[in-house]
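J.: Input file: input21.cif. Contents: mmCIF, C-alpha atoms.
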data_start
loop_
_atom_site.label_atom_id
_atom_site.label_comp_id
_atom_site.auth_asym_id
_atom_site.auth_seq_id
_atom_site.Cartn_x
_atom_site.Cartn_y
_atom_site.Cartn_z
CA MET A 1 2.92 31.51 -23.69
CA PHE A 2 3.68 30.86 -20.00
CA LYS A 3 3.03 33.43 -17.30
CA LYS A 4 5.59 34.22 -14.57
CA PRO A 5 3.89 32.26 -11.72
CA GLN A 6 3.79 29.18 -13.97
CA TYR A 7 7.57 29.41 -14.44
CA ILE A 8 8.03 29.75 -10.67
CA ALA A 9 5.83 26.71 -9.96
CA LEU A 10 7.59 24.63 -12.61
CA ALA A 11 10.99 25.62 -11.23
CA LEU A 12 9.87 24.90 -7.66
CA VAL A 13 8.70 21.38 -8.51
CA ALA A 14 11.71 20.61 -10.74
CA VAL A 15 14.27 21.81 -8.16
CA THR A 16 12.57 19.96 -5.28
CA ALA A 17 12.32 16.76 -7.33
CA LEU A 18 15.99 17.02 -8.30
CA ILE A 19 17.03 17.57 -4.68
CA ILE A 20 14.98 14.58 -3.47
CA PHE A 21 16.22 12.24 -6.21
CA ASN A 22 19.86 13.17 -5.49
CA LEU A 23 19.63 12.58 -1.75
CA PRO A 24 21.85 9.78 -0.39
CA ALA A 25 19.87 6.54 0.05
CA GLN A 26 19.97 6.68 3.85
CA THR A 27 18.83 10.32 4.03
CA MET A 28 16.05 9.58 1.54
CA SER A 29 14.90 6.62 3.62
CA ARG A 30 14.90 8.76 6.79
CA THR A 31 12.98 11.56 5.05
CA LYS A 32 10.46 9.01 3.80
CA LEU A 33 9.93 7.64 7.29
CA ALA A 34 9.66 11.16 8.70
CA PHE A 35 6.93 11.98 6.15
CA SER A 36 5.03 8.79 6.95
CA GLY A 37 5.13 9.92 10.61
CA PHE A 38 2.42 12.48 9.75
CA PHE A 39 -0.02 9.57 9.52
CA VAL A 40 0.78 8.18 12.98
CA PRO A 41 -2.01 10.13 14.80
CA LEU A 42 -4.55 8.84 12.26
CA PHE A 43 -3.36 5.24 12.57
CA GLY A 44 -3.44 5.55 16.36
CA LEU A 45 -6.94 6.99 16.28
CA ALA A 46 -8.19 4.23 13.99
CA ASP A 47 -6.58 1.58 16.17
CA SER A 48 -8.01 2.89 19.45
CA SER A 49 -11.51 3.31 17.97
CA LYS A 50 -11.32 -0.28 16.68
CA ARG A 51 -10.35 -1.48 20.16
CA VAL A 52 -13.20 0.47 21.79
CA LEU A 53 -15.65 -1.07 19.31
CA GLN A 54 -14.25 -4.54 19.99
CA LYS A 55 -14.51 -4.00 23.78
CA THR A 56 -18.09 -2.78 23.42
CA GLY A 57 -18.90 -5.83 21.30
CA ASP A 58 -17.32 -8.15 23.88
CA SER A 59 -19.17 -6.53 26.78
CA ILE A 60 -22.57 -7.05 25.19
CA LEU A 61 -21.93 -10.72 24.36
CA PRO A 62 -24.30 -13.04 26.30
CA ARG A 63 -22.79 -15.00 29.21
CA GLY A 64 -23.70 -18.33 27.58
CA VAL A 65 -21.64 -17.57 24.46
CA LEU A 66 -18.65 -16.51 26.58
CA THR A 67 -18.83 -19.70 28.70
CA LYS A 68 -18.98 -21.83 25.55
CA GLU A 69 -16.04 -19.95 24.01
CA ASN A 70 -14.07 -20.28 27.26
CA GLU A 71 -14.68 -24.03 27.38
CA GLN A 72 -13.57 -24.42 23.77
CA LEU A 73 -10.39 -22.39 24.39
CA ARG A 74 -9.61 -24.46 27.51
CA ARG A 75 -9.92 -27.67 25.48
CA GLU A 76 -7.73 -26.22 22.71
CA ASN A 77 -5.18 -25.13 25.32
CA GLN A 78 -4.96 -28.66 26.73
CA GLN A 79 -4.44 -30.12 23.25
CA LEU A 80 -1.71 -27.57 22.55
CA LYS A 81 0.01 -28.37 25.86
CA VAL A 82 0.17 -32.07 24.91
CA GLN A 83 1.47 -31.14 21.45
CA LEU A 84 4.09 -28.86 23.02
CA MET A 85 5.28 -31.70 25.26
CA GLN A 86 5.62 -33.99 22.23
CA ASN A 87 7.46 -31.26 20.30
CA ALA A 88 9.82 -30.64 23.22
CA GLU A 89 10.67 -34.35 23.23
CA ILE A 90 11.26 -34.29 19.44
CA THR A 91 13.48 -31.20 19.82
CA ARG A 92 15.54 -32.93 22.52
CA GLU A 93 15.87 -36.02 20.34
CA ASN A 94 16.85 -33.85 17.36
CA ALA A 95 19.53 -32.09 19.43
CA ARG A 96 20.89 -35.46 20.66
CA LEU A 97 21.06 -36.86 17.12
CA ARG A 98 22.68 -33.67 15.80
CA THR A 99 25.37 -33.96 18.49
CA ALA A 100 25.85 -37.65 17.66
CA VAL A 101 26.26 -36.94 13.92
CA GLY A 102 28.37 -33.87 14.59
CA TRP A 103 26.04 -31.25 13.04
CA GLN A 104 25.79 -27.70 14.36
CA LYS A 105 23.08 -27.17 16.99
CA GLN A 106 20.02 -25.25 15.75
CA THR A 107 19.11 -22.13 17.72
CA PRO A 108 15.35 -21.64 18.20
CA TRP A 109 13.75 -18.49 16.73
CA LYS A 110 11.88 -15.98 18.88
CA LEU A 111 8.66 -14.30 17.77
CA LYS A 112 7.44 -10.71 18.18
CA LEU A 113 3.81 -9.82 17.60
CA ALA A 114 3.17 -6.74 15.46
CA ARG A 115 0.03 -4.97 14.29
CA VAL A 116 -0.47 -4.08 10.62
CA ILE A 117 -1.11 -0.32 10.41
CA ALA A 118 -1.11 0.39 6.68
CA ARG A 119 -0.93 -1.15 3.23
CA ASP A 120 0.86 0.19 0.19
CA PRO A 121 -1.53 2.76 -1.35
CA SER A 122 -0.26 1.96 -4.87
CA SER A 123 -1.25 -1.15 -6.81
CA TRP A 124 2.16 -2.16 -8.20
CA TRP A 125 3.91 -3.02 -4.92
CA ARG A 126 2.92 -5.48 -2.20
CA THR A 127 4.02 -4.00 1.10
CA ILE A 128 2.56 -3.33 4.53
CA GLN A 129 3.65 -1.21 7.48
CA ILE A 130 3.78 -2.69 10.98
CA ASP A 131 3.91 -0.95 14.37
CA VAL A 132 7.32 -2.22 15.53
CA GLY A 133 10.69 -0.78 14.58
CA SER A 134 14.34 -0.51 15.58
CA GLN A 135 13.28 0.40 19.15
CA HIS A 136 11.83 -3.11 19.40
CA GLY A 137 14.91 -4.77 17.93
CA ILE A 138 13.62 -5.06 14.37
CA ARG A 139 16.19 -5.01 11.58
CA PRO A 140 16.01 -5.50 7.80
CA ASN A 141 15.44 -8.99 6.30
CA LEU A 142 13.82 -10.58 9.35
CA PRO A 143 11.11 -13.08 8.30
CA VAL A 144 7.48 -12.13 8.93
CA LEU A 145 4.77 -14.79 9.22
CA VAL A 146 1.32 -15.67 10.54
CA PRO A 147 0.32 -19.08 12.00
CA GLU A 148 -0.81 -20.19 8.49
CA GLY A 149 2.56 -19.50 6.87
CA LEU A 150 5.10 -17.04 5.51
CA VAL A 151 4.02 -13.45 4.88
CA GLY A 152 7.24 -11.72 3.83
CA ARG A 153 10.36 -10.04 5.17
CA ILE A 154 11.26 -6.68 6.74
CA SER A 155 12.49 -4.29 4.03
CA ALA A 156 12.85 -0.93 5.82
CA VAL A 157 13.02 -0.07 9.50
CA GLY A 158 12.10 3.14 11.32
CA ALA A 159 12.21 3.82 15.05
CA THR A 160 8.64 2.65 15.73
CA ARG A 161 7.49 1.35 12.33
CA SER A 162 8.77 -1.04 9.70
CA GLN A 163 7.92 -1.87 6.11
CA VAL A 164 7.29 -5.50 5.20
CA LEU A 165 7.77 -6.81 1.68
CA LEU A 166 4.96 -9.32 1.11
CA LEU A 167 5.07 -12.57 -0.85
CA GLY A 168 4.11 -11.64 -4.41
CA ASP A 169 6.04 -8.35 -4.46
CA PRO A 170 8.42 -8.19 -7.44
CA ASN A 171 11.37 -7.64 -5.06
CA MET A 172 10.54 -10.67 -2.90
CA ARG A 173 12.29 -13.98 -3.68
CA VAL A 174 12.25 -16.98 -1.41
CA GLY A 175 14.26 -20.20 -1.65
CA ALA A 176 11.60 -22.94 -1.49
CA LEU A 177 11.13 -26.69 -1.77
CA VAL A 178 8.23 -29.03 -2.37
CA GLN A 179 7.31 -30.93 0.79
CA ASP A 180 6.62 -34.44 -0.39
CA LYS A 181 7.88 -37.88 0.67
CA ASP A 182 8.77 -38.75 -2.96
CA ALA A 183 10.11 -35.41 -4.18
CA ARG A 184 12.10 -32.68 -2.38
CA GLU A 185 12.32 -30.37 -5.39
CA ASN A 186 14.16 -27.07 -4.82
CA GLY A 187 13.28 -23.81 -6.54
CA ILE A 188 12.57 -20.13 -6.03
CA VAL A 189 9.25 -18.49 -5.25
CA ILE A 190 8.77 -15.15 -7.06
CA SER A 191 5.83 -12.83 -7.74
CA SER A 192 2.97 -13.96 -9.96
CA SER A 193 3.00 -12.85 -13.59
CA SER A 194 -0.42 -11.19 -13.20
CA PRO A 195 -0.87 -8.21 -10.87
CA LEU A 196 -4.50 -9.26 -10.32
CA GLU A 197 -3.64 -12.63 -8.73
CA GLN A 198 -3.13 -11.31 -5.23
CA SER A 199 -2.92 -14.65 -3.43
CA MET A 200 -0.73 -16.41 -6.02
CA VAL A 201 3.02 -16.66 -6.44
CA THR A 202 5.17 -18.53 -8.95
CA PHE A 203 7.48 -21.42 -8.04
CA GLN A 204 10.22 -21.78 -10.63
CA TYR A 205 13.73 -23.01 -11.43
CA PHE A 206 12.95 -26.62 -10.52
CA SER A 207 14.03 -29.41 -12.84
CA ARG A 208 11.72 -30.42 -15.73
CA SER A 209 12.03 -34.07 -14.78
CA SER A 210 10.55 -33.46 -11.35
CA VAL A 211 7.33 -35.10 -10.19
CA ILE A 212 5.61 -31.97 -8.92
CA LYS A 213 1.82 -32.28 -8.70
CA PRO A 214 -1.01 -29.88 -7.80
CA GLY A 215 -1.90 -30.08 -4.13
CA GLN A 216 1.66 -30.50 -2.87
CA ASN A 217 2.88 -28.13 -0.17
CA VAL A 218 5.70 -25.64 -0.74
CA ILE A 219 7.86 -24.62 2.22
CA THR A 220 10.93 -22.43 2.69
CA SER A 221 14.13 -24.30 1.89
CA GLY A 222 16.36 -22.30 4.23
CA GLU A 223 18.71 -21.52 1.35
CA GLY A 224 19.77 -17.91 1.07
CA GLY A 225 20.05 -17.43 4.81
CA VAL A 226 17.06 -15.11 5.27
CA PHE A 227 14.26 -17.58 6.05
CA PRO A 228 14.64 -20.64 8.26
CA LYS A 229 13.75 -23.98 6.69
CA GLY A 230 10.23 -25.32 6.97
CA ILE A 231 7.92 -22.29 7.02
CA PRO A 232 4.83 -23.09 4.91
CA ILE A 233 4.49 -20.90 1.80
CA GLY A 234 1.50 -22.41 0.03
CA GLN A 235 0.06 -25.18 -2.09
CA ILE A 236 0.70 -25.90 -5.77
CA VAL A 237 -2.35 -25.08 -7.90
CA ASP A 238 -1.14 -25.97 -11.39
CA ILE A 239 2.01 -26.50 -13.42
CA ARG A 240 2.63 -24.90 -16.80
CA ASP A 241 5.37 -24.42 -19.34
CA ASN A 242 6.55 -20.83 -19.51
CA SER A 243 6.24 -18.85 -22.77
CA LEU A 244 9.37 -20.28 -24.40
CA GLY A 245 8.77 -23.84 -23.19
CA LEU A 246 12.30 -24.04 -21.85
CA SER A 247 11.32 -24.39 -18.23
CA THR A 248 8.29 -25.20 -16.13
CA ASP A 249 6.63 -22.98 -13.55
CA ALA A 250 4.13 -23.87 -10.87
CA ARG A 251 1.49 -21.51 -9.56
CA VAL A 252 1.29 -21.59 -5.77
CA ARG A 253 -1.64 -20.38 -3.68
CA VAL A 254 -0.19 -18.62 -0.63
CA SER A 255 -1.26 -20.20 2.72
CA ALA A 256 -1.45 -16.89 4.58
CA ASP A 257 -4.36 -14.62 3.67
CA LEU A 258 -2.33 -11.61 2.56
CA ASN A 259 -5.44 -9.53 1.86
CA SER A 260 -6.71 -9.44 5.43
CA LEU A 261 -3.61 -9.26 7.59
CA GLU A 262 -4.21 -7.62 10.96
CA GLU A 263 -1.45 -9.05 13.13
CA VAL A 264 1.82 -10.67 12.09
CA LEU A 265 4.79 -12.28 13.83
CA VAL A 266 8.35 -11.14 13.25
CA MET A 267 10.95 -13.91 13.68
CA PHE A 268 14.21 -13.24 15.52
CA PRO A 269 17.17 -15.61 15.36
CA MET B 1 -10.52 32.20 -2.74
CA ASN B 2 -8.03 32.68 0.11
CA ALA B 3 -5.17 30.92 1.88
CA LEU B 4 -7.59 28.42 3.40
CA ASN B 5 -8.35 26.72 0.07
CA PRO B 6 -4.88 25.18 -0.51
CA ILE B 7 -4.97 23.93 3.10
CA ILE B 8 -8.38 22.33 2.49
CA VAL B 9 -7.20 20.43 -0.61
CA ILE B 10 -3.97 19.31 1.07
CA LEU B 11 -5.94 18.06 4.07
CA ALA B 12 -8.27 16.24 1.70
CA ALA B 13 -5.23 14.62 0.04
CA PHE B 14 -3.86 13.61 3.44
CA LEU B 15 -7.15 11.90 4.33
CA ALA B 16 -7.39 10.32 0.87
CA ILE B 17 -3.93 8.74 1.21
CA TYR B 18 -4.82 7.48 4.69
CA PHE B 19 -8.03 5.99 3.29
CA GLN B 20 -6.11 4.31 0.43
CA SER B 21 -3.62 2.72 2.82
CA SER B 22 -6.16 1.59 5.42
CA PHE B 23 -9.23 0.32 3.57
CA ASP B 24 -8.81 -2.70 1.34
CA LEU B 25 -12.35 -3.52 0.27
CA PHE B 26 -11.97 -2.05 -3.22
CA ARG B 27 -8.53 -3.60 -3.69
CA ASN B 28 -9.83 -7.04 -2.65
CA LEU B 29 -12.86 -6.75 -4.97
CA PHE B 30 -11.26 -5.33 -8.11
CA GLY B 31 -7.56 -6.07 -7.68
CA VAL B 32 -6.63 -2.39 -7.65
CA GLN B 33 -6.75 0.35 -5.04
CA ILE B 34 -8.66 3.51 -5.99
CA ASP B 35 -6.55 6.65 -6.29
CA LEU B 36 -8.15 9.91 -5.20
CA LEU B 37 -5.15 12.18 -5.75
CA PRO B 38 -5.68 12.77 -9.51
CA ALA B 39 -9.33 13.74 -8.86
CA LEU B 40 -8.19 16.18 -6.17
CA MET B 41 -5.55 17.55 -8.53
CA VAL B 42 -8.25 18.23 -11.16
CA TYR B 43 -10.19 20.20 -8.53
CA THR B 44 -7.07 22.10 -7.44
CA SER B 45 -5.98 23.02 -10.96
CA LEU B 46 -9.44 24.21 -12.02
CA THR B 47 -10.13 26.11 -8.79
CA LEU B 48 -6.87 27.43 -7.38
CA GLY B 49 -3.69 29.09 -8.65
CA ILE B 50 -0.56 27.48 -10.09
CA VAL B 51 1.37 27.84 -6.81
CA SER B 52 -1.35 25.83 -5.07
CA VAL B 53 -1.10 23.22 -7.85
CA ALA B 54 2.66 22.91 -7.29
CA LEU B 55 2.23 22.78 -3.52
CA PHE B 56 -0.48 20.13 -3.80
CA ALA B 57 1.63 17.98 -6.15
CA LEU B 58 4.67 18.22 -3.86
CA VAL B 59 2.95 17.56 -0.54
CA SER B 60 0.49 14.88 -1.69
CA GLY B 61 3.10 13.13 -3.89
CA LEU B 62 5.60 12.94 -1.03
CA LEU B 63 2.96 11.81 1.47
CA PHE B 64 1.78 9.10 -0.94
CA ASP B 65 5.32 7.82 -1.53
CA SER B 66 6.09 7.81 2.19
CA LEU B 67 3.59 4.96 2.72
CA SER B 68 4.45 3.20 -0.53
CA ALA B 69 7.43 1.20 -1.77
CA ASN B 70 7.70 3.80 -4.57
CA PRO B 71 11.01 5.67 -4.75
CA PHE B 72 10.47 8.81 -2.64
CA GLY B 73 9.16 11.72 -4.73
CA ILE B 74 8.26 9.76 -7.86
CA SER B 75 4.53 10.61 -7.65
CA VAL B 76 5.17 14.38 -7.57
CA PHE B 77 5.97 14.81 -11.25
CA PRO B 78 2.93 12.99 -12.79
CA LEU B 79 0.56 14.87 -10.50
CA PHE B 80 2.15 18.21 -11.27
CA LEU B 81 2.16 17.51 -15.01
CA ILE B 82 -1.62 16.91 -14.97
CA GLY B 83 -2.27 19.93 -12.78
CA PHE B 84 -0.03 22.14 -14.90
CA ALA B 85 -1.74 21.12 -18.18
CA LEU B 86 -5.23 21.62 -16.77
CA HIS B 87 -4.34 24.93 -15.15
CA ARG B 88 -2.89 26.28 -18.40
CA PHE B 89 -6.24 25.88 -20.11
CA HIS B 90 -8.49 26.36 -17.09
CA GLY B 91 -10.05 29.48 -18.61
CA LEU B 92 -11.35 27.40 -21.53
CA LEU B 93 -12.51 24.37 -19.54
CA LEU B 94 -16.09 23.98 -18.35
CA ARG B 95 -15.43 23.59 -14.65
CA GLU B 96 -19.09 23.52 -13.58
CA GLN B 97 -20.20 20.75 -15.99
CA ILE B 98 -20.41 17.31 -14.38
CA SER B 99 -19.60 15.61 -17.70
CA ALA B 100 -16.44 17.74 -18.02
CA GLN B 101 -15.45 16.95 -14.43
CA PHE B 102 -15.93 13.23 -15.19
CA ALA B 103 -13.83 13.45 -18.36
CA PHE B 104 -10.96 15.36 -16.70
CA GLY B 105 -11.06 13.06 -13.65
CA ALA B 106 -11.01 9.92 -15.77
CA GLY B 107 -8.17 11.23 -17.94
CA ALA B 108 -6.12 12.35 -14.95
CA SER B 109 -6.70 9.08 -13.06
CA LEU B 110 -5.61 7.09 -16.10
CA LEU B 111 -2.58 9.23 -16.93
CA SER B 112 -1.17 9.70 -13.42
CA PRO B 113 -0.47 5.99 -12.69
CA LEU B 114 0.58 5.44 -16.31
CA ILE B 115 3.25 8.17 -16.13
CA THR B 116 4.38 6.90 -12.72
CA LEU B 117 4.72 3.36 -14.09
CA LEU B 118 6.67 4.63 -17.12
CA ILE B 119 9.07 6.53 -14.84
CA LEU B 120 9.45 3.43 -12.61
CA LEU B 121 10.09 1.15 -15.58
CA SER B 122 12.60 3.56 -17.11
CA GLY B 123 14.60 3.50 -13.87
CA ASN B 124 16.08 0.68 -11.87
CA ASN B 125 12.70 -0.45 -10.51
CA ASN B 126 10.70 -3.58 -11.00
CA PRO B 127 7.00 -2.85 -10.33
CA LEU B 128 4.32 -5.53 -10.57
CA VAL B 129 3.04 -5.11 -14.14
CA GLY B 130 1.44 -7.48 -16.61
CA TRP B 131 -1.68 -7.80 -18.73
CA GLY B 132 -3.73 -7.19 -15.59
CA THR B 133 -2.29 -3.67 -15.44
CA ILE B 134 -4.58 -2.68 -18.35
CA TRP B 135 -7.59 -3.68 -16.25
CA GLN B 136 -6.16 -1.82 -13.26
CA LEU B 137 -5.67 1.36 -15.33
CA LEU B 138 -9.21 1.14 -16.74
CA VAL B 139 -10.70 0.71 -13.25
CA LEU B 140 -8.57 3.60 -11.98
CA GLY B 141 -9.74 5.81 -14.87
CA LEU B 142 -13.41 4.96 -14.37
CA THR B 143 -13.41 5.35 -10.59
CA GLY B 144 -11.37 8.54 -10.86
CA GLY B 145 -13.94 9.92 -13.34
CA LEU B 146 -16.83 9.03 -11.04
CA LEU B 147 -15.15 10.41 -7.93
CA THR B 148 -14.10 13.75 -9.44
CA PRO B 149 -17.63 15.32 -9.45
CA VAL B 150 -18.03 14.05 -5.86
CA CYS B 151 -14.74 15.76 -4.91
CA PHE B 152 -15.90 19.00 -6.59
CA TRP B 153 -19.24 18.86 -4.73
CA ILE B 154 -17.72 18.17 -1.30
CA LEU B 155 -14.77 20.58 -1.59
CA ASP B 156 -16.91 23.41 -3.02
CA ARG B 157 -19.24 23.07 -0.05
CA ILE B 158 -16.42 22.94 2.50
CA SER B 159 -14.74 25.91 0.85
CA GLY B 160 -18.07 27.80 0.77
CA ALA B 161 -18.71 27.10 4.44
CA LEU B 162 -15.25 28.20 5.58
CA ASN B 163 -14.75 31.27 3.38
CA TYR B 164 -16.44 34.67 3.19
CA GLN B 165 -19.20 34.68 0.62
CA PRO B 166 -19.13 37.37 -2.13
CA ILE B 167 -21.59 40.21 -1.47
CA ALA B 168 -24.63 39.96 -3.73
CA GLN B 169 -24.92 42.93 -6.15
CA THR B 170 -28.20 44.88 -6.04
CA SER B 171 -29.65 46.94 -8.88
CA PHE B 172 -29.82 50.04 -6.67
CA ARG B 173 -27.56 52.87 -7.74
CA ALA B 174 -27.35 56.06 -5.68
CA ASP B 175 -26.58 58.27 -8.74
CA ARG B 176 -29.81 57.19 -10.47
CA GLN B 177 -32.03 57.96 -7.45
CA ILE B 178 -34.85 60.41 -8.27
CA LYS B 179 -35.00 63.03 -5.61
CA ARG B 180 -38.41 64.61 -5.11
CA GLY B 181 -39.38 67.83 -3.39
CA ARG B 182 -37.87 71.29 -3.37
CA GLY B 183 -34.27 72.20 -2.84
#
Represent the supplied structure as structure tokens.
T.:
Amino acid sequence: MFKKPQYIALALVAVTALIIFNLPAQTMSRTKLAFSGFFVPLFGLADSSKRVLQKTGDSILPRGVLTKENEQLRRENQQLKVQLMQNAEITRENARLRTAVGWQKQTPWKLKLARVIARDPSSWWRTIQIDVGSQHGIRPNLPVLVPEGLVGRISAVGATRSQVLLLGDPNMRVGALVQDKDARENGIVISSSSPLEQSMVTFQYFSRSSVIKPGQNVITSGEGGVFPKGIPIGQIVDIRDNSLGLSTDARVRVSADLNSLEEVLVMFP
Amino acid sequence: MNALNPIIVILAAFLAIYFQSSFDLFRNLFGVQIDLLPALMVYTSLTLGIVSVALFALVSGLLFDSLSANPFGISVFPLFLIGFALHRFHGLLLREQISAQFAFGAGASLLSPLITLLILLSGNNNPLVGWGTIWQLLVLGLTGGLLTPVCFWILDRISGALNYQPIAQTSFRADRQIKRGRG
């Protein structure tokens, strides 16, 4: 029924698969990163050609447009400077009050800019790869965000690349709370029940008596120790009873546009 | 067919995986990323030998998993299974027919993610599945079916351009030549 080469091929695949599956977790992770290294020249090539295109586009922009853009950025910069001054004053006040009450002083988080180089090629995970790794001080579980809000957390780290678990991945859970002056409802943000809702997550485990309404903002609660408190996650879209009617879930539209991420910020404590 | 053909299909797989991880237009439009590996496996199994099928499944499966959150090596088995089944009956299958290429491509593109998901779910993994997965599998099957004839067309041309062409047979036979004249 089977010819000799078919047996050899079957044996080759079976033995290799068995060896790979029985590798220790750390060795497997290293082998995986080594394999993904084959794509580095292609990612580099794509990145440099994108930059060349961008430079060419910038160089052919009319002077009038550039002057207008420059003026707008200058104005924005001035506004941000004023805001920064106000924030610095608030931070000082916060530190003074914390000392007065006897609470522990909060250490500010540092940010590292990273470029997104690849997305998960499969459709049942939500991950991306970024161009910073252990050489840049990255380690697992560091929060990743964009100015609009939380993106995810670092899940695996290589020397020059890292994998980021995005909001909406089944392995991503975030302690969250509803930001409202009347209600500070705590819960957990998990992946959406439908794999097609790419910009939605589910907020659950909050009490049924809560006064959660669509339109309210959801932020990180700081519980769990991975994410600092106060990073925006998204906005509540609707509230529904889950299939058994025992608890209530809220669908949350993620603030960050996870489908078009180009650059992200990694937070360091 | 020579040693260049397996290299061509593996290079095609490498580029296909890069394309899948870098371009999001299809994923943003239809909620699922197209998968070119099953279509390439159909080409490999109907064109090359079983060793090439095994090599393709191993290399492309490992490369795919290296950029994914999949457990490393999980994509190898579904790809090989499809290639193995097609190669076993490749003498009976109509390789040149576009409709046959579509059918094999659609079947392979539907089965490959389905088997991978079943393996993932039977293990300690928690992939993102729900009712929407049915839609994703249907889109994968349809796009895989449509892309398979394209893969055949492109790879046949590349292979033809890089390999020696078979010498055309003429009807001339030296032993049937009528010799005229004396002697």
J.: Skipping near chain neighbours, those fewer than 4 positions away, what residues fall within 6 Å of segment 69-83 of chain B using all atoms listed in the file, listed as a list in words?
T.: Met41, Ser45, Ala57, Leu58, Gly61, Leu62, Asp65, His87, Ser112 and Ile115 of chain B
J.: Would you write out, as a Markdown table, a table of all residues in chain A that have an atom no more than 9 Å from an atom of chain B, listing for each the closest atom pair and the distance in Å to one decimal, considering all atoms listed in the file and ordering rows by chain and rising residue number?
T.:
| residue | atom | partner | partner_atom | distance |
| --- | --- | --- | --- | --- |
| A:Phe2 | CA | B:Arg88 | CA | 8.2 |
| A:Pro5 | CA | B:Ile50 | CA | 6.7 |
| A:Gln6 | CA | B:Ile50 | CA | 6.1 |
| A:Ile8 | CA | B:Val51 | CA | 7.9 |
| A:Ala9 | CA | B:Val51 | CA | 5.6 |
| A:Leu10 | CA | B:Ala54 | CA | 7.5 |
| A:Leu12 | CA | B:Ala54 | CA | 7.5 |
| A:Val13 | CA | B:Ala54 | CA | 6.3 |
| A:Ala14 | CA | B:Phe77 | CA | 8.2 |
| A:Thr16 | CA | B:Leu58 | CA | 8.2 |
| A:Ala17 | CA | B:Gly73 | CA | 6.5 |
| A:Ile20 | CA | B:Gly73 | CA | 6.6 |
| A:Phe21 | CA | B:Gly73 | CA | 7.2 |
| A:Met28 | CA | B:Phe72 | CA | 7.0 |
| A:Ser29 | CA | B:Phe72 | CA | 8.0 |
| A:Thr31 | CA | B:Ser66 | CA | 8.3 |
| A:Lys32 | CA | B:Ser66 | CA | 4.8 |
| A:Leu33 | CA | B:Ser66 | CA | 6.4 |
| A:Ala34 | CA | B:Ser66 | CA | 8.1 |
| A:Phe35 | CA | B:Ser66 | CA | 5.8 |
| A:Ser36 | CA | B:Ser66 | CA | 5.0 |
| A:Gly37 | CA | B:Ser66 | CA | 8.7 |
| A:Phe38 | CA | B:Leu63 | CA | 8.3 |
| A:Phe39 | CA | B:Tyr18 | CA | 7.1 |
| A:Leu42 | CA | B:Tyr18 | CA | 7.7 |
| A:Phe43 | CA | B:Tyr18 | CA | 8.3 |
| A:Ile117 | CA | B:Ser22 | CA | 7.4 |
| A:Ala118 | CA | B:Ser21 | CA | 5.2 |
| A:Arg119 | CA | B:Ser21 | CA | 4.7 |
| A:Asp120 | CA | B:Ser68 | CA | 4.7 |
| A:Pro121 | CA | B:Ser21 | CA | 4.7 |
| A:Ser122 | CA | B:Ser68 | CA | 6.5 |
| A:Ser123 | CA | B:Val32 | CA | 5.6 |
| A:Trp124 | CA | B:Leu128 | CA | 4.7 |
| A:Trp125 | CA | B:Leu128 | CA | 6.2 |
| A:Arg126 | CA | B:Ala69 | CA | 8.1 |
| A:Thr127 | CA | B:Ala69 | CA | 6.8 |
| A:Ile128 | CA | B:Ser68 | CA | 8.5 |
| A:Gln129 | CA | B:Leu67 | CA | 7.8 |
| A:Gln163 | CA | B:Ala69 | CA | 8.5 |
| A:Leu165 | CA | B:Ala69 | CA | 8.7 |
| A:Gly168 | CA | B:Leu128 | CA | 8.7 |
| A:Asp169 | CA | B:Leu128 | CA | 6.9 |
| A:Pro170 | CA | B:Leu128 | CA | 5.8 |
| A:Asn171 | CA | B:Asn126 | CA | 7.2 |
| A:Ser191 | CA | B:Leu128 | CA | 8.0 |
| A:Ser192 | CA | B:Leu128 | CA | 8.6 |
| A:Ser193 | CA | B:Gly130 | CA | 6.4 |
| A:Ser194 | CA | B:Gly130 | CA | 5.4 |
| A:Pro195 | CA | B:Gly132 | CA | 5.6 |
| A:Leu196 | CA | B:Gly31 | CA | 5.1 |
| A:Glu197 | CA | B:Gly31 | CA | 7.7 |
| A:Gln198 | CA | B:Gly31 | CA | 7.3 |
| A:Asn259 | CA | B:Asn28 | CA | 6.8 |
| A:Ser260 | CA | B:Asp24 | CA | 8.2 |
J.: Box time for segment 170-176 of chain A: axis-aligned, enclosing all its listed atoms, 6 Å extra on each side; report centre and edge lengths in Å to one decimal, as lines of an AutoDock Vina configuration file.
T.:
center_x = 11.3
center_y = -15.3
center_z = -4.4
size_x = 17.8
size_y = 27.3
size_z = 18.0
J.: Check what the PyMOL selection byres ((chain B and resi 109) around 9) selects in the file above and give those residues as number ranges by chain.
T.: B: 35-39, 104-108, 110-114, 137, 140-145
J.: Which residues are near Pro108 of chain A? Cut-off 12 Å, all atoms listed in the file, ignore same chain within fewer than 2 positions. Put them as a PyMOL selection string.
T.: chain A and resi 88+91+95+105-106+110-111+228-229+267-269
